[in-house]
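Below: work25.cif (mmCIF, C-alpha atoms and all ligand atoms)
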data_upload
#
loop_
_atom_site.label_atom_id
_atom_site.label_comp_id
_atom_site.auth_asym_id
_atom_site.auth_seq_id
_atom_site.Cartn_x
_atom_site.Cartn_y
_atom_site.Cartn_z
CA MET U 1 -24.80 -19.06 26.36
CA GLY U 2 -22.04 -19.60 23.85
CA ASP U 3 -18.44 -20.31 24.72
CA TYR U 4 -17.31 -17.08 23.01
CA SER U 5 -14.88 -18.98 20.77
CA GLU U 6 -15.99 -16.67 17.93
CA GLU U 7 -13.94 -13.99 19.69
CA ASP U 8 -10.72 -15.99 19.21
CA VAL U 9 -8.29 -15.49 16.35
CA GLY U 10 -5.64 -17.93 15.23
CA ASN U 11 -1.92 -17.39 15.14
CA ILE U 12 -1.88 -15.85 11.65
CA VAL U 13 -3.19 -12.37 12.38
CA SER U 14 -3.15 -10.83 8.92
CA LEU U 15 -2.61 -11.44 5.24
CA GLU U 16 -0.95 -8.21 4.19
CA HIS U 17 0.12 -8.45 0.58
CA VAL U 18 0.00 -10.55 -2.54
CA ASN U 19 3.05 -10.21 -4.77
CA VAL U 20 2.65 -10.88 -8.50
CA GLN U 21 5.07 -9.59 -11.10
CA ILE U 22 3.68 -7.47 -13.92
CA PRO U 23 5.53 -6.82 -17.18
CA ASP U 24 4.21 -3.31 -17.88
CA GLN U 25 3.65 -0.60 -15.29
CA SER U 26 1.42 1.54 -17.52
CA LEU U 27 -1.02 -1.30 -18.08
CA ALA U 28 -0.79 -2.27 -14.40
CA THR U 29 -1.64 1.31 -13.40
CA LEU U 30 -4.65 1.25 -15.69
CA PHE U 31 -5.82 -2.06 -14.26
CA TYR U 32 -5.01 -1.83 -10.55
CA VAL U 33 -5.33 1.91 -9.91
CA VAL U 34 -7.90 3.15 -12.43
CA GLY U 35 -9.88 -0.10 -12.80
CA LEU U 36 -9.84 -1.90 -9.45
CA GLY U 37 -9.59 1.43 -7.64
CA CYS U 38 -6.41 0.72 -5.69
CA THR U 39 -4.25 3.62 -4.53
CA ARG U 40 -0.60 3.59 -5.42
CA ASP U 41 1.56 3.67 -2.30
CA PRO U 42 2.91 7.23 -2.34
CA TYR U 43 5.81 6.54 0.01
CA LEU U 44 7.56 3.32 -1.04
CA ASN U 45 8.48 1.77 -4.39
CA VAL U 46 7.44 4.82 -6.35
CA GLY U 47 9.79 4.12 -9.28
CA LEU U 48 9.42 2.09 -12.44
CA ASN U 49 10.74 -1.26 -11.21
CA ASN U 50 7.98 -1.96 -8.70
CA MET U 51 4.69 -0.50 -7.52
CA TRP U 52 2.67 -1.13 -4.41
CA ALA U 53 -1.08 -0.79 -4.85
CA ASN U 54 -3.15 -0.35 -1.69
CA ILE U 55 -6.63 -1.69 -1.18
CA GLY U 56 -7.90 -1.06 2.33
CA GLU U 57 -5.44 -2.48 4.81
CA GLN U 58 -3.84 -4.75 2.20
CA GLN U 59 -1.57 -4.26 -0.78
CA PHE U 60 -0.51 -5.73 -4.07
CA HIS U 61 3.21 -5.77 -4.69
CA LEU U 62 3.81 -5.54 -8.41
CA PRO U 63 7.45 -5.78 -9.46
CA THR U 64 8.06 -5.01 -13.14
CA ARG U 65 9.19 -8.39 -14.50
CA PRO U 66 7.67 -11.26 -16.48
CA PRO U 67 4.10 -11.83 -15.30
CA GLN U 68 3.13 -14.21 -12.53
CA VAL U 69 -0.33 -15.67 -12.23
CA ILE U 70 -2.06 -17.32 -9.30
CA ASP U 71 -4.08 -20.40 -10.22
CA GLY U 72 -7.29 -19.49 -8.43
CA TYR U 73 -8.98 -16.29 -7.36
CA ILE U 74 -7.94 -13.30 -5.36
CA GLY U 75 -10.89 -12.08 -3.33
CA LEU U 76 -11.47 -8.34 -3.07
CA VAL U 77 -13.97 -6.20 -1.22
CA VAL U 78 -14.78 -2.91 -2.91
CA PRO U 79 -17.03 -0.11 -1.65
CA HIS U 80 -19.43 -0.26 -4.63
CA LEU U 81 -19.67 -2.96 -7.31
CA ASP U 82 -21.51 -0.59 -9.69
CA GLY U 83 -18.69 1.90 -9.50
CA LEU U 84 -16.18 -0.91 -10.11
CA ALA U 85 -18.05 -2.06 -13.23
CA LYS U 86 -18.05 1.51 -14.58
CA ARG U 87 -14.32 1.92 -13.97
CA LEU U 88 -13.62 -1.42 -15.65
CA GLU U 89 -15.66 -0.36 -18.69
CA SER U 90 -13.60 2.82 -18.84
CA ILE U 91 -10.29 0.93 -19.12
CA ALA U 92 -11.43 -1.75 -21.58
CA ASP U 93 -10.12 0.11 -24.65
CA GLY U 94 -6.75 0.71 -23.07
CA LEU U 95 -6.38 -2.98 -22.27
CA LYS U 96 -7.50 -4.31 -25.65
CA GLY U 97 -5.44 -7.26 -26.81
CA THR U 98 -4.68 -8.39 -23.24
CA GLN U 99 -6.47 -11.02 -21.16
CA PHE U 100 -8.47 -8.29 -19.39
CA GLY U 101 -12.18 -8.97 -18.97
CA PHE U 102 -14.95 -8.99 -16.41
CA GLN U 103 -18.32 -10.57 -15.86
CA GLN U 104 -21.00 -10.77 -13.25
CA GLU U 105 -21.23 -14.10 -11.42
CA GLY U 106 -23.73 -14.42 -8.61
CA GLY U 107 -23.40 -11.31 -6.53
CA CYS U 108 -19.76 -10.80 -7.56
CA LEU U 109 -17.76 -9.36 -10.41
CA ILE U 110 -15.12 -11.72 -11.74
CA VAL U 111 -12.32 -9.63 -13.18
CA THR U 112 -9.31 -10.89 -15.13
CA CYS U 113 -6.15 -8.79 -15.13
CA PRO U 114 -4.24 -8.16 -18.36
CA TRP U 115 -1.99 -11.16 -17.60
CA GLY U 116 -4.58 -13.64 -16.34
CA ASN U 117 -4.91 -13.17 -12.59
CA ARG U 118 -8.55 -13.51 -11.59
CA TYR U 119 -10.23 -11.37 -8.97
CA ARG U 120 -13.54 -12.17 -7.32
CA CYS U 121 -14.88 -8.78 -6.26
CA HIS U 122 -17.50 -8.54 -3.55
CA ALA U 123 -19.45 -5.66 -2.11
CA SER U 124 -18.78 -5.24 1.60
CA GLN U 125 -20.91 -7.69 3.58
CA ALA U 126 -21.18 -9.33 6.97
CA GLU U 127 -18.96 -12.24 5.92
CA PHE U 128 -16.04 -9.80 5.75
CA GLY U 129 -16.87 -7.98 8.97
CA ASP U 130 -16.37 -4.23 8.80
CA MET U 131 -14.05 -4.40 5.77
CA ALA U 132 -15.31 -1.87 3.21
CA ALA U 133 -12.30 -2.30 0.93
CA GLY U 134 -9.59 -4.90 1.10
CA LEU U 135 -8.30 -8.32 0.31
CA PRO U 136 -10.28 -10.86 2.38
CA TYR U 137 -8.92 -14.07 0.85
CA VAL U 138 -6.90 -15.79 -1.80
CA GLU U 139 -8.34 -19.02 -3.18
CA PHE U 140 -5.84 -21.50 -4.60
CA ALA U 141 -6.62 -24.40 -6.90
CA VAL U 142 -4.87 -27.48 -5.52
CA GLY U 143 -4.47 -31.08 -6.66
CA ALA U 144 -7.06 -33.74 -5.93
CA GLY U 145 -6.57 -35.12 -2.42
CA ALA U 146 -4.31 -32.26 -1.27
CA MET U 147 -6.73 -30.19 0.78
CA ALA U 148 -6.76 -32.16 4.04
CA ALA U 149 -2.95 -32.22 4.20
CA ILE U 150 -2.75 -28.49 3.49
CA LEU U 151 -5.17 -27.72 6.31
CA ARG U 152 -3.19 -30.05 8.61
CA PHE U 153 -0.05 -28.08 7.72
CA TYR U 154 -1.52 -24.69 8.66
CA ARG U 155 -3.01 -26.09 11.88
CA THR U 156 0.17 -27.86 12.95
CA ALA U 157 2.88 -25.51 11.74
CA PHE U 158 1.06 -22.19 12.18
CA GLY U 159 -1.60 -22.72 14.82
CA ALA U 160 -4.24 -21.48 12.38
CA PRO U 161 -7.86 -22.60 12.75
CA THR U 162 -9.14 -24.41 9.66
CA ALA U 163 -12.50 -25.54 8.37
CA VAL U 164 -13.94 -27.52 5.50
CA GLU U 165 -16.84 -25.67 3.92
CA SER U 166 -18.84 -25.88 0.75
CA ASP U 167 -20.52 -23.55 -1.68
CA GLY U 168 -22.14 -23.82 -5.11
CA GLN U 169 -18.89 -25.15 -6.59
CA GLY U 170 -18.37 -27.81 -3.93
CA GLU U 171 -16.07 -28.31 -1.01
CA PHE U 172 -13.11 -26.13 -0.12
CA GLY U 173 -10.72 -25.74 2.80
CA ARG U 174 -10.39 -22.55 4.78
CA VAL U 175 -7.40 -21.37 6.81
CA LYS U 176 -8.58 -18.58 9.07
CA ILE U 177 -6.52 -15.42 9.36
CA GLY U 178 -7.11 -12.69 11.93
CA ARG U 179 -10.63 -11.35 12.11
CA HIS U 180 -12.00 -11.70 8.59
CA GLN U 181 -9.34 -13.05 6.23
CA SER U 182 -8.66 -16.52 4.88
CA LEU U 183 -6.61 -18.66 2.58
CA LEU U 184 -8.91 -20.99 0.65
CA PHE U 185 -7.90 -24.23 -1.04
CA ARG U 186 -10.14 -25.88 -3.59
CA GLU U 187 -9.27 -29.22 -5.16
CA THR U 188 -9.44 -29.69 -8.90
CA GLU U 189 -8.98 -32.63 -11.25
CA ARG U 190 -7.51 -30.48 -14.03
CA ALA U 191 -3.79 -29.87 -14.43
CA LEU U 192 -2.58 -27.04 -12.20
CA ARG U 193 -0.70 -24.08 -13.56
CA PRO U 194 2.96 -24.62 -12.62
CA TYR U 195 4.01 -22.51 -9.62
CA ASP U 196 5.78 -19.39 -10.94
CA GLY U 197 7.16 -17.72 -7.81
CA HIS U 198 4.35 -15.37 -6.73
CA HIS U 199 4.11 -14.92 -2.97
CA ILE U 200 1.95 -13.79 -0.07
CA ALA U 201 2.95 -12.03 3.16
CA ILE U 202 1.43 -12.94 6.51
CA TYR U 203 1.93 -11.70 10.07
CA VAL U 204 2.01 -14.18 12.93
CA ALA U 205 1.67 -13.59 16.69
CA ASN U 206 3.83 -16.59 17.55
CA PHE U 207 6.79 -16.50 15.18
CA SER U 208 9.17 -19.01 16.77
CA ALA U 209 6.85 -22.06 16.60
CA PRO U 210 6.26 -21.94 12.82
CA TYR U 211 9.94 -21.13 12.33
CA GLY U 212 10.93 -24.10 14.50
CA PHE U 213 8.53 -26.46 12.71
CA LEU U 214 9.89 -25.53 9.29
CA LYS U 215 13.54 -25.31 10.36
CA ALA U 216 13.41 -28.85 11.79
CA ARG U 217 12.14 -30.10 8.41
CA GLY U 218 14.55 -28.13 6.23
CA GLY U 219 11.66 -26.00 4.98
CA ILE U 220 13.05 -22.48 5.45
CA SER U 221 13.83 -20.99 2.03
CA GLU U 222 15.16 -17.67 3.39
CA ASP U 223 16.30 -17.43 6.99
CA VAL U 224 15.21 -14.77 9.43
CA ARG U 225 16.19 -11.25 8.52
CA ASN U 226 14.36 -8.15 9.65
CA HIS U 227 11.73 -10.11 11.66
CA GLN U 228 10.80 -12.22 8.62
CA PHE U 229 11.52 -15.62 7.08
CA ARG U 230 10.30 -17.31 3.94
CA PHE U 231 9.19 -20.80 3.05
CA LYS U 232 7.73 -22.24 -0.11
CA ASP U 233 6.70 -25.83 0.35
CA ILE U 234 3.54 -26.77 2.18
CA VAL U 235 4.13 -30.29 3.49
CA ASP U 236 1.86 -32.87 5.01
CA PRO U 237 2.96 -32.83 8.66
CA GLU U 238 2.20 -36.56 8.90
CA SER U 239 4.32 -37.76 5.97
CA GLY U 240 6.60 -34.78 5.30
CA SER U 241 5.66 -34.90 1.61
CA PRO U 242 5.20 -31.60 -0.23
CA VAL U 243 1.57 -31.05 -1.22
CA PHE U 244 1.52 -27.48 -2.57
CA ALA U 245 3.99 -24.73 -3.49
CA LEU U 246 3.38 -21.15 -2.41
CA GLU U 247 6.04 -18.82 -1.12
CA HIS U 248 5.07 -17.13 2.15
CA GLU U 249 6.81 -14.18 3.73
CA VAL U 250 6.22 -14.78 7.41
CA ARG U 251 6.62 -11.70 9.58
CA SER U 252 6.49 -11.23 13.32
CA LEU U 253 4.49 -8.38 14.83
CA ARG U 254 7.86 -6.74 15.51
CA HIS U 255 8.40 -6.22 11.77
CA PRO U 256 8.74 -2.46 11.19
CA MET U 257 5.82 -2.50 8.73
CA TYR U 258 3.33 -4.30 10.96
CA ASN U 259 0.00 -2.48 10.88
CA ARG U 260 1.45 0.22 8.62
CA PHE U 261 -1.13 2.81 7.57
CA PHE U 262 -1.98 2.49 3.87
CA VAL U 263 -3.16 5.55 1.98
CA ASN U 264 -6.50 4.93 0.24
CA ARG U 265 -8.31 7.41 -1.95
CA ASP U 266 -12.07 7.69 -2.32
CA VAL U 267 -12.51 6.45 -5.88
CA SER U 268 -15.82 8.26 -6.27
CA GLN U 269 -14.04 11.62 -5.94
CA SER U 270 -13.67 13.40 -9.29
CA GLN U 271 -12.66 16.76 -10.71
CA ARG U 272 -16.18 17.36 -11.93
CA SER U 273 -18.04 16.55 -8.72
CA TYR U 274 -15.36 17.46 -6.25
CA ARG U 275 -16.17 17.33 -2.56
CA ARG U 276 -13.71 19.18 -0.38
CA GLY U 277 -12.26 17.02 2.37
CA TRP U 278 -13.38 13.71 0.83
CA ASP U 279 -10.20 12.69 -0.99
CA ALA U 280 -9.37 9.93 1.46
CA HIS U 281 -11.25 6.68 1.79
CA THR U 282 -11.39 4.87 5.06
CA PRO U 283 -11.10 1.10 4.62
CA TYR U 284 -13.78 0.47 7.24
CA LEU U 285 -17.50 1.01 6.98
CA ARG U 286 -18.65 4.29 8.31
FE FE U 301 6.55 -9.55 -0.30
#
Using the file provided, produce a representation of the structure as structure tokens.
Amino acid sequence: MGDYSEEDVGNIVSLEHVNVQIPDQSLATLFYVVGLGCTRDPYLNVGLNNMWANIGEQQFHLPTRPPQVIDGYIGLVVPHLDGLAKRLESIADGLKGTQFGFQQEGGCLIVTCPWGNRYRCHASQAEFGDMAAGLPYVEFAVGAGAMAAILRFYRTAFGAPTAVESDGQGEFGRVKIGRHQSLLFRETERALRPYDGHHIAIYVANFSAPYGFLKARGGISEDVRNHQFRFKDIVDPESGSPVFALEHEVRSLRHPMYNRFFVNRDVSQSQRSYRRGWDAHTPYLR
């Protein structure tokens, strides 16, 4: 008999969006909507200065401004890797002269956006539970020696379970989010790309404890407004020294957008082989 701890979730219940600025909405549409197969949010930010691109129960927020790039990988789950490869081939001409590219690596497709963000695209699999499309993790490159302190920060400030794991590329730290999402931190000896202001949004069950931890240390970068605060510096809770920069929007479950329904299309639907009633995709396996 187990102790059923696998049923538990930590205090961070979901990673909802990744926000990276993009300089050109036409190219971003080609990449995120046509290529990756995201669905543009039809309700909010429908103008030219920002676009929200849905993938399962997560989103990209893509404000039209100079590009921001995450030093690492954004993990994606897509319904079919073959279909993804075909869509990426179809946009290659339109993205000529940019950093766009893709290659197979293990069982994944590694895709680079026109401005250098890298996506590790997986087919749905047990590791990601019943997620058939979505954003299961973001993996950040961090400085040598930083990982343990980063994991300590998420455990202490956020009540998030953490683990040290390893794969073909070595050891990495995992911060567990909700049922099947994570933030991953992998140390590197090379120089890191300077932090450029991109951010992630997370929802927490207990909001006041992380707020209190950061407030006491002067770490709140934007105070609570609309059930949300922001912070940027991840500090070692033992020494107080900053170890990594990443802006987080931290939202309580009382935020009006918690568990908002995101419209997703079935990317295999086409004019030529149209199936009535199959326009929508459900982000869970059926
Ligand atoms: Fe945001």
Pick out the residues no farther than 10 Å from ligand FE 301 (chain U), counting only C-alpha atoms and all ligand atoms, and list them as a ChimeraX atom specification.
/U:16-20,59-63,198-202,230,247-250
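For the atom pair formed by atom CA of Ser252 of chain U and atom CA of Ala209 of chain U, the distance is 11.3 Å, given to one decimal.
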May I have the residues within 9 Å of Gly143 of chain U as number ranges by chain, using only C-alpha atoms and disregarding those fewer than 5 positions away in the same chain?
U: 186-192, 243-244
Serialized selection, C-alpha atoms, as a PDB file, in the frame of the given file:
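Resulting contents of selection.pdb:
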ATOM      1  CA  ARG U 186     -10.140 -25.880  -3.590  1.00  0.00           C
ATOM      2  CA  GLU U 187      -9.270 -29.220  -5.160  1.00  0.00           C
ATOM      3  CA  THR U 188      -9.440 -29.690  -8.900  1.00  0.00           C
ATOM      4  CA  GLU U 189      -8.980 -32.630 -11.250  1.00  0.00           C
ATOM      5  CA  ARG U 190      -7.510 -30.480 -14.030  1.00  0.00           C
ATOM      6  CA  ALA U 191      -3.790 -29.870 -14.430  1.00  0.00           C
ATOM      7  CA  LEU U 192      -2.580 -27.040 -12.200  1.00  0.00           C
ATOM      8  CA  VAL U 243       1.570 -31.050  -1.220  1.00  0.00           C
ATOM      9  CA  PHE U 244       1.520 -27.480  -2.570  1.00  0.00           C
TER      10      PHE U 244
END
Contacts of Tyr119 of chain U within 7 Å, all atoms listed in the file, excl. fewer than 2 positions in-chain, as a list in words
Tyr73, Ile74, Gly75, Leu76, Ile110, Val111, Thr112, Asn117 and Cys121 of chain U
re atom CA of Gln181 of chain U and atom CA of Phe213 of chain U: distance 23.3 Å
Do you have, as CSV, the list of residues of segment 83-141 of chain U lying at most 12 Å from segment 277-281 of chain U, each with its nearest atom pair and that distance in Å to one decimal, counting only C-alpha atoms and ordered by chain then number?
residue,atom,partner,partner_atom,distance
U:Ala132,CA,U:His281,CA,9.6
U:Ala133,CA,U:His281,CA,9.1
U:Gly134,CA,U:His281,CA,11.7
Selection: 10 Å around Arg174 of chain U, only C-alpha atoms, excl. self and same-chain fewer than 3 positions, as a ChimeraX atom specification:
/U:137,139,147,150-151,154,160-166,171,177,181-186
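Atom pair atom CA of Val34 of chain U / atom CA of Ala126 of chain U: separated by 26.6 Å.
Closest approach to Ser239 of chain U from the set U:Leu109, U:Ala149, U:Ala216, U:Ile70 is made by U:Ala149, with distances taken over all atoms listed in the file.
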Which residues, written as JSON, numbers by chain, have at least one atom at most 8 Å from Thr39 of chain U, with all atoms listed in the file counted and residues fewer than 3 positions away on the same chain left out?
{"U": [33, 53, 54, 55, 263, 264, 265]}
With C-alpha atoms kept, could you save the residues just selected as a PDB file, in the frame of the given file?
ATOM      1  CA  VAL U  33      -5.330   1.910  -9.910  1.00  0.00           C
ATOM      2  CA  ALA U  53      -1.080  -0.790  -4.850  1.00  0.00           C
ATOM      3  CA  ASN U  54      -3.150  -0.350  -1.690  1.00  0.00           C
ATOM      4  CA  ILE U  55      -6.630  -1.690  -1.180  1.00  0.00           C
ATOM      5  CA  VAL U 263      -3.160   5.550   1.980  1.00  0.00           C
ATOM      6  CA  ASN U 264      -6.500   4.930   0.240  1.00  0.00           C
ATOM      7  CA  ARG U 265      -8.310   7.410  -1.950  1.00  0.00           C
TER       8      ARG U 265
END
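Counting all atoms listed in the file and comparing U:Trp115, U:Phe102, U:Tyr284, U:Phe231, the residue that lies closest to Phe128 of chain U is U:Tyr284.
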